[in-house]
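As stored in coords20.cif (mmCIF, N, CA and C atoms):
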```
data_final
loop_
_atom_site.label_atom_id
_atom_site.label_comp_id
_atom_site.auth_asym_id
_atom_site.auth_seq_id
_atom_site.Cartn_x
_atom_site.Cartn_y
_atom_site.Cartn_z
N MET C 1 87.78 69.35 98.04
CA MET C 1 88.73 70.31 97.49
C MET C 1 88.19 71.72 97.67
N SER C 2 89.01 72.66 98.14
CA SER C 2 88.58 74.03 98.40
C SER C 2 88.57 74.84 97.12
N ASP C 3 87.60 75.71 97.05
CA ASP C 3 87.52 76.67 95.96
C ASP C 3 88.50 77.80 96.26
N ALA C 4 89.10 78.40 95.23
CA ALA C 4 90.07 79.47 95.43
C ALA C 4 89.47 80.64 96.19
N ALA C 5 88.15 80.86 96.04
CA ALA C 5 87.49 81.96 96.73
C ALA C 5 87.46 81.73 98.24
N ASP C 6 87.61 80.48 98.69
CA ASP C 6 87.57 80.16 100.11
C ASP C 6 88.90 80.42 100.81
N LEU C 7 89.95 80.64 100.05
CA LEU C 7 91.27 80.82 100.64
C LEU C 7 91.40 82.20 101.27
N ASP C 8 92.06 82.25 102.42
CA ASP C 8 92.31 83.50 103.13
C ASP C 8 93.38 84.29 102.37
N PRO C 9 93.05 85.51 101.91
CA PRO C 9 94.03 86.30 101.15
C PRO C 9 95.34 86.55 101.91
N LEU C 10 95.27 86.67 103.23
CA LEU C 10 96.49 86.87 104.01
C LEU C 10 97.38 85.63 103.95
N GLN C 11 96.79 84.46 104.07
CA GLN C 11 97.57 83.23 103.99
C GLN C 11 98.11 83.00 102.58
N VAL C 12 97.33 83.37 101.57
CA VAL C 12 97.80 83.26 100.19
C VAL C 12 99.00 84.17 99.98
N ALA C 13 98.92 85.40 100.48
CA ALA C 13 100.03 86.35 100.34
C ALA C 13 101.27 85.84 101.06
N ARG C 14 101.07 85.27 102.27
CA ARG C 14 102.20 84.73 103.02
C ARG C 14 102.84 83.58 102.27
N HIS C 15 102.03 82.69 101.72
CA HIS C 15 102.53 81.56 100.95
C HIS C 15 103.29 82.04 99.70
N ASP C 16 102.71 83.00 99.00
CA ASP C 16 103.35 83.53 97.80
C ASP C 16 104.69 84.19 98.12
N TRP C 17 104.74 84.90 99.25
CA TRP C 17 105.98 85.55 99.67
C TRP C 17 107.06 84.51 99.96
N GLN C 18 106.67 83.45 100.68
CA GLN C 18 107.66 82.41 100.99
C GLN C 18 108.09 81.66 99.73
N ALA C 19 107.17 81.45 98.80
CA ALA C 19 107.53 80.81 97.53
C ALA C 19 108.52 81.69 96.77
N TRP C 20 108.30 83.00 96.79
CA TRP C 20 109.20 83.94 96.12
C TRP C 20 110.59 83.88 96.76
N LEU C 21 110.63 83.88 98.10
CA LEU C 21 111.92 83.79 98.79
C LEU C 21 112.65 82.50 98.41
N SER C 22 111.89 81.42 98.30
CA SER C 22 112.49 80.12 98.00
C SER C 22 112.92 80.00 96.54
N LEU C 23 112.01 80.33 95.64
CA LEU C 23 112.26 80.07 94.22
C LEU C 23 113.07 81.17 93.53
N GLU C 24 112.76 82.42 93.86
CA GLU C 24 113.44 83.53 93.18
C GLU C 24 114.72 83.94 93.89
N LYS C 25 114.64 84.05 95.21
CA LYS C 25 115.79 84.50 95.98
C LYS C 25 116.68 83.35 96.42
N ARG C 26 116.15 82.12 96.32
CA ARG C 26 116.88 80.90 96.64
C ARG C 26 117.42 80.89 98.08
N PHE C 27 116.57 81.33 99.01
CA PHE C 27 116.95 81.31 100.42
C PHE C 27 117.01 79.87 100.91
N ALA C 28 117.88 79.63 101.87
CA ALA C 28 118.03 78.30 102.45
C ALA C 28 116.79 77.93 103.26
N ALA C 29 116.58 76.62 103.42
CA ALA C 29 115.41 76.12 104.14
C ALA C 29 115.34 76.67 105.55
N ASN C 30 116.47 76.72 106.25
CA ASN C 30 116.47 77.25 107.62
C ASN C 30 116.12 78.74 107.65
N THR C 31 116.52 79.48 106.65
CA THR C 31 116.17 80.90 106.56
C THR C 31 114.67 81.04 106.35
N LEU C 32 114.12 80.23 105.48
CA LEU C 32 112.67 80.27 105.25
C LEU C 32 111.90 79.95 106.52
N LEU C 33 112.37 78.96 107.27
CA LEU C 33 111.71 78.61 108.53
C LEU C 33 111.80 79.77 109.53
N ALA C 34 112.96 80.39 109.62
CA ALA C 34 113.14 81.50 110.56
C ALA C 34 112.27 82.69 110.17
N TYR C 35 112.26 83.04 108.90
CA TYR C 35 111.42 84.15 108.44
C TYR C 35 109.95 83.84 108.68
N GLY C 36 109.55 82.61 108.37
CA GLY C 36 108.16 82.21 108.58
C GLY C 36 107.76 82.29 110.04
N SER C 37 108.65 81.86 110.91
CA SER C 37 108.39 81.92 112.35
C SER C 37 108.25 83.36 112.82
N ASP C 38 109.11 84.23 112.33
CA ASP C 38 109.05 85.65 112.70
C ASP C 38 107.75 86.29 112.22
N VAL C 39 107.36 85.99 111.00
CA VAL C 39 106.12 86.55 110.46
C VAL C 39 104.92 86.02 111.23
N ASP C 40 104.91 84.73 111.54
CA ASP C 40 103.81 84.16 112.32
C ASP C 40 103.70 84.82 113.69
N ALA C 41 104.84 85.07 114.32
CA ALA C 41 104.84 85.73 115.64
C ALA C 41 104.28 87.15 115.52
N PHE C 42 104.68 87.87 114.49
CA PHE C 42 104.20 89.24 114.30
C PHE C 42 102.70 89.24 114.01
N LEU C 43 102.25 88.35 113.14
CA LEU C 43 100.82 88.29 112.81
C LEU C 43 100.02 87.89 114.05
N GLY C 44 100.53 86.97 114.83
CA GLY C 44 99.86 86.59 116.07
C GLY C 44 99.76 87.76 117.04
N PHE C 45 100.83 88.53 117.13
CA PHE C 45 100.80 89.73 117.97
C PHE C 45 99.72 90.69 117.49
N LEU C 46 99.64 90.90 116.19
CA LEU C 46 98.65 91.83 115.65
C LEU C 46 97.23 91.40 115.97
N VAL C 47 96.98 90.10 115.91
CA VAL C 47 95.64 89.60 116.25
C VAL C 47 95.32 89.91 117.71
N SER C 48 96.26 89.64 118.60
CA SER C 48 96.01 89.92 120.02
C SER C 48 95.99 91.43 120.29
N HIS C 49 96.79 92.18 119.56
CA HIS C 49 96.89 93.63 119.73
C HIS C 49 95.61 94.33 119.30
N THR C 50 95.04 93.88 118.20
CA THR C 50 93.82 94.51 117.68
C THR C 50 92.56 93.88 118.25
N GLY C 51 92.67 92.64 118.70
CA GLY C 51 91.50 91.95 119.24
C GLY C 51 90.52 91.50 118.18
N ALA C 52 90.99 91.39 116.95
CA ALA C 52 90.11 90.99 115.85
C ALA C 52 90.90 90.14 114.87
N PRO C 53 90.19 89.31 114.10
CA PRO C 53 90.89 88.55 113.05
C PRO C 53 91.60 89.50 112.09
N LEU C 54 92.75 89.09 111.65
CA LEU C 54 93.58 89.93 110.78
C LEU C 54 93.24 89.68 109.32
N LYS C 55 93.16 90.76 108.56
CA LYS C 55 92.92 90.68 107.12
C LYS C 55 94.13 91.28 106.40
N LEU C 56 94.29 90.92 105.16
CA LEU C 56 95.42 91.41 104.37
C LEU C 56 95.44 92.93 104.33
N ILE C 57 94.28 93.55 104.19
CA ILE C 57 94.21 95.01 104.11
C ILE C 57 94.71 95.67 105.40
N ASP C 58 94.60 94.96 106.51
CA ASP C 58 95.06 95.51 107.79
C ASP C 58 96.56 95.78 107.78
N LEU C 59 97.31 94.99 107.03
CA LEU C 59 98.76 95.20 106.98
C LEU C 59 99.11 96.52 106.32
N ALA C 60 98.29 96.95 105.37
CA ALA C 60 98.54 98.23 104.70
C ALA C 60 98.25 99.41 105.61
N GLN C 61 97.51 99.15 106.69
CA GLN C 61 97.12 100.23 107.59
C GLN C 61 97.93 100.24 108.89
N LEU C 62 98.97 99.43 108.95
CA LEU C 62 99.81 99.41 110.15
C LEU C 62 100.50 100.74 110.36
N LYS C 63 100.69 101.05 111.61
CA LYS C 63 101.41 102.27 111.98
C LYS C 63 102.74 101.87 112.63
N ALA C 64 103.64 102.82 112.69
CA ALA C 64 104.93 102.56 113.33
C ALA C 64 104.72 102.13 114.78
N SER C 65 103.69 102.66 115.43
CA SER C 65 103.44 102.30 116.82
C SER C 65 103.07 100.82 116.96
N ASP C 66 102.45 100.23 115.94
CA ASP C 66 102.13 98.80 115.98
C ASP C 66 103.42 97.97 115.98
N VAL C 67 104.35 98.36 115.13
CA VAL C 67 105.63 97.65 115.05
C VAL C 67 106.43 97.86 116.33
N ARG C 68 106.43 99.09 116.85
CA ARG C 68 107.14 99.36 118.11
C ARG C 68 106.54 98.53 119.26
N GLY C 69 105.22 98.40 119.27
CA GLY C 69 104.56 97.59 120.29
C GLY C 69 105.00 96.14 120.22
N TYR C 70 105.11 95.62 119.01
CA TYR C 70 105.57 94.24 118.83
C TYR C 70 107.02 94.08 119.31
N LEU C 71 107.87 95.02 118.93
CA LEU C 71 109.28 94.94 119.33
C LEU C 71 109.42 95.05 120.84
N ALA C 72 108.62 95.91 121.47
CA ALA C 72 108.67 96.04 122.92
C ALA C 72 108.22 94.76 123.59
N LYS C 73 107.18 94.14 123.06
CA LYS C 73 106.69 92.87 123.63
C LYS C 73 107.77 91.80 123.51
N ARG C 74 108.43 91.73 122.38
CA ARG C 74 109.49 90.73 122.19
C ARG C 74 110.65 90.97 123.14
N ARG C 75 110.95 92.22 123.38
CA ARG C 75 112.08 92.55 124.27
C ARG C 75 111.77 92.13 125.69
N LEU C 76 110.52 92.24 126.09
CA LEU C 76 110.11 91.90 127.44
C LEU C 76 109.93 90.41 127.65
N SER C 77 109.79 89.68 126.54
CA SER C 77 109.57 88.22 126.64
C SER C 77 110.85 87.46 126.91
#
```
Just give me the structure as structure tokens.
Amino acid sequence: MSDAADLDPLQVARHDWQAWLSLEKRFAANTLLAYGSDVDAFLGFLVSHTGAPLKLIDLAQLKASDVRGYLAKRRLS
């Protein structure tokens, strides 16, 4: 069994966000899957874009150019 200190704060935040969407906002299962897929794609882009493992604090330091880079990559794919 894992200790809570071993959990990745980014994954905890992602899980909590999806739980909030499900329990509080009552989003449909397909919506949760779509949102989760989009977030996973964006986080994956950030890892390849920065060349380093992503931390929760990194999300607070994102710039508009990071988001534009992701959107441009998606458009070209």
When you look at C:Asp66 with a cut-off of 10 Å (counting only C-alpha atoms), what residues show up, excluding the ones that are within fewer than 6 positions of it in the same chain? I need them as an MDAnalysis selection string. chainID C and resid 42 45:46 49:50 72
8 Å contact set for C:Ile57, all atoms listed in the file, chain neighbours under 4 positions out, as number ranges by chain: C: 9-10, 61-62
Could you state the separation of atom CA of C:Asn30 and atom CA of C:Gln11 in Å, given to one decimal place?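 These two atoms are separated by 20.2 Å.
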Between atom C of C:Val67 and atom N of C:Leu7, what is the distance in Å, rounded to a tenth?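 It comes out at 28.9 Å.
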Among the residues C:Asp8, C:Asp58, C:Asp38, C:Asp16, the one that comes closest to C:Leu71 [using only C-alpha atoms]: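 For C:Leu71, the nearest of the given residues is C:Asp38.
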Record the distance separating atom CA of C:Leu59 and atom CA of C:Lys25, expressed in Å with one decimal.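 For atom CA of C:Leu59 relative to atom CA of C:Lys25, the distance reads 22.9 Å.
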Exercise on stretch 37-49 of chain C, axis-aligned box with 4 Å per side, report centre and edge lengths in Å to one decimal, as AutoDock Vina command-line options:
```
--center_x 102.2 --center_y 88.1 --center_z 115.4 --size_x 21.8 --size_y 20.5 --size_z 17.8
```
Which parts of stretch 16-59 of chain C does DSSP call alpha helix (DSSP H) when run on the backbone here, written out as a ChimeraX atom specification? /C:16-23,29-50,56-59
Using N, CA and C atoms, can you export the residues from the last selection as a short mmCIF file (atom, residue, chain, number, x, y, z; two decimals), in the coordinates of the input?
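Heads up, here's the output in selection_26.cif:
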```
data_model
loop_
_atom_site.label_atom_id
_atom_site.label_comp_id
_atom_site.auth_asym_id
_atom_site.auth_seq_id
_atom_site.Cartn_x
_atom_site.Cartn_y
_atom_site.Cartn_z
N ASP C 16 102.71 83.00 99.00
CA ASP C 16 103.35 83.53 97.80
C ASP C 16 104.69 84.19 98.12
N TRP C 17 104.74 84.90 99.25
CA TRP C 17 105.98 85.55 99.67
C TRP C 17 107.06 84.51 99.96
N GLN C 18 106.67 83.45 100.68
CA GLN C 18 107.66 82.41 100.99
C GLN C 18 108.09 81.66 99.73
N ALA C 19 107.17 81.45 98.80
CA ALA C 19 107.53 80.81 97.53
C ALA C 19 108.52 81.69 96.77
N TRP C 20 108.30 83.00 96.79
CA TRP C 20 109.20 83.94 96.12
C TRP C 20 110.59 83.88 96.76
N LEU C 21 110.63 83.88 98.10
CA LEU C 21 111.92 83.79 98.79
C LEU C 21 112.65 82.50 98.41
N SER C 22 111.89 81.42 98.30
CA SER C 22 112.49 80.12 98.00
C SER C 22 112.92 80.00 96.54
N LEU C 23 112.01 80.33 95.64
CA LEU C 23 112.26 80.07 94.22
C LEU C 23 113.07 81.17 93.53
N ALA C 29 116.58 76.62 103.42
CA ALA C 29 115.41 76.12 104.14
C ALA C 29 115.34 76.67 105.55
N ASN C 30 116.47 76.72 106.25
CA ASN C 30 116.47 77.25 107.62
C ASN C 30 116.12 78.74 107.65
N THR C 31 116.52 79.48 106.65
CA THR C 31 116.17 80.90 106.56
C THR C 31 114.67 81.04 106.35
N LEU C 32 114.12 80.23 105.48
CA LEU C 32 112.67 80.27 105.25
C LEU C 32 111.90 79.95 106.52
N LEU C 33 112.37 78.96 107.27
CA LEU C 33 111.71 78.61 108.53
C LEU C 33 111.80 79.77 109.53
N ALA C 34 112.96 80.39 109.62
CA ALA C 34 113.14 81.50 110.56
C ALA C 34 112.27 82.69 110.17
N TYR C 35 112.26 83.04 108.90
CA TYR C 35 111.42 84.15 108.44
C TYR C 35 109.95 83.84 108.68
N GLY C 36 109.55 82.61 108.37
CA GLY C 36 108.16 82.21 108.58
C GLY C 36 107.76 82.29 110.04
N SER C 37 108.65 81.86 110.91
CA SER C 37 108.39 81.92 112.35
C SER C 37 108.25 83.36 112.82
N ASP C 38 109.11 84.23 112.33
CA ASP C 38 109.05 85.65 112.70
C ASP C 38 107.75 86.29 112.22
N VAL C 39 107.36 85.99 111.00
CA VAL C 39 106.12 86.55 110.46
C VAL C 39 104.92 86.02 111.23
N ASP C 40 104.91 84.73 111.54
CA ASP C 40 103.81 84.16 112.32
C ASP C 40 103.70 84.82 113.69
N ALA C 41 104.84 85.07 114.32
CA ALA C 41 104.84 85.73 115.64
C ALA C 41 104.28 87.15 115.52
N PHE C 42 104.68 87.87 114.49
CA PHE C 42 104.20 89.24 114.30
C PHE C 42 102.70 89.24 114.01
N LEU C 43 102.25 88.35 113.14
CA LEU C 43 100.82 88.29 112.81
C LEU C 43 100.02 87.89 114.05
N GLY C 44 100.53 86.97 114.83
CA GLY C 44 99.86 86.59 116.07
C GLY C 44 99.76 87.76 117.04
N PHE C 45 100.83 88.53 117.13
CA PHE C 45 100.80 89.73 117.97
C PHE C 45 99.72 90.69 117.49
N LEU C 46 99.64 90.90 116.19
CA LEU C 46 98.65 91.83 115.65
C LEU C 46 97.23 91.40 115.97
N VAL C 47 96.98 90.10 115.91
CA VAL C 47 95.64 89.60 116.25
C VAL C 47 95.32 89.91 117.71
N SER C 48 96.26 89.64 118.60
CA SER C 48 96.01 89.92 120.02
C SER C 48 95.99 91.43 120.29
N HIS C 49 96.79 92.18 119.56
CA HIS C 49 96.89 93.63 119.73
C HIS C 49 95.61 94.33 119.30
N THR C 50 95.04 93.88 118.20
CA THR C 50 93.82 94.51 117.68
C THR C 50 92.56 93.88 118.25
N LEU C 56 94.29 90.92 105.16
CA LEU C 56 95.42 91.41 104.37
C LEU C 56 95.44 92.93 104.33
N ILE C 57 94.28 93.55 104.19
CA ILE C 57 94.21 95.01 104.11
C ILE C 57 94.71 95.67 105.40
N ASP C 58 94.60 94.96 106.51
CA ASP C 58 95.06 95.51 107.79
C ASP C 58 96.56 95.78 107.78
N LEU C 59 97.31 94.99 107.03
CA LEU C 59 98.76 95.20 106.98
C LEU C 59 99.11 96.52 106.32
#
```
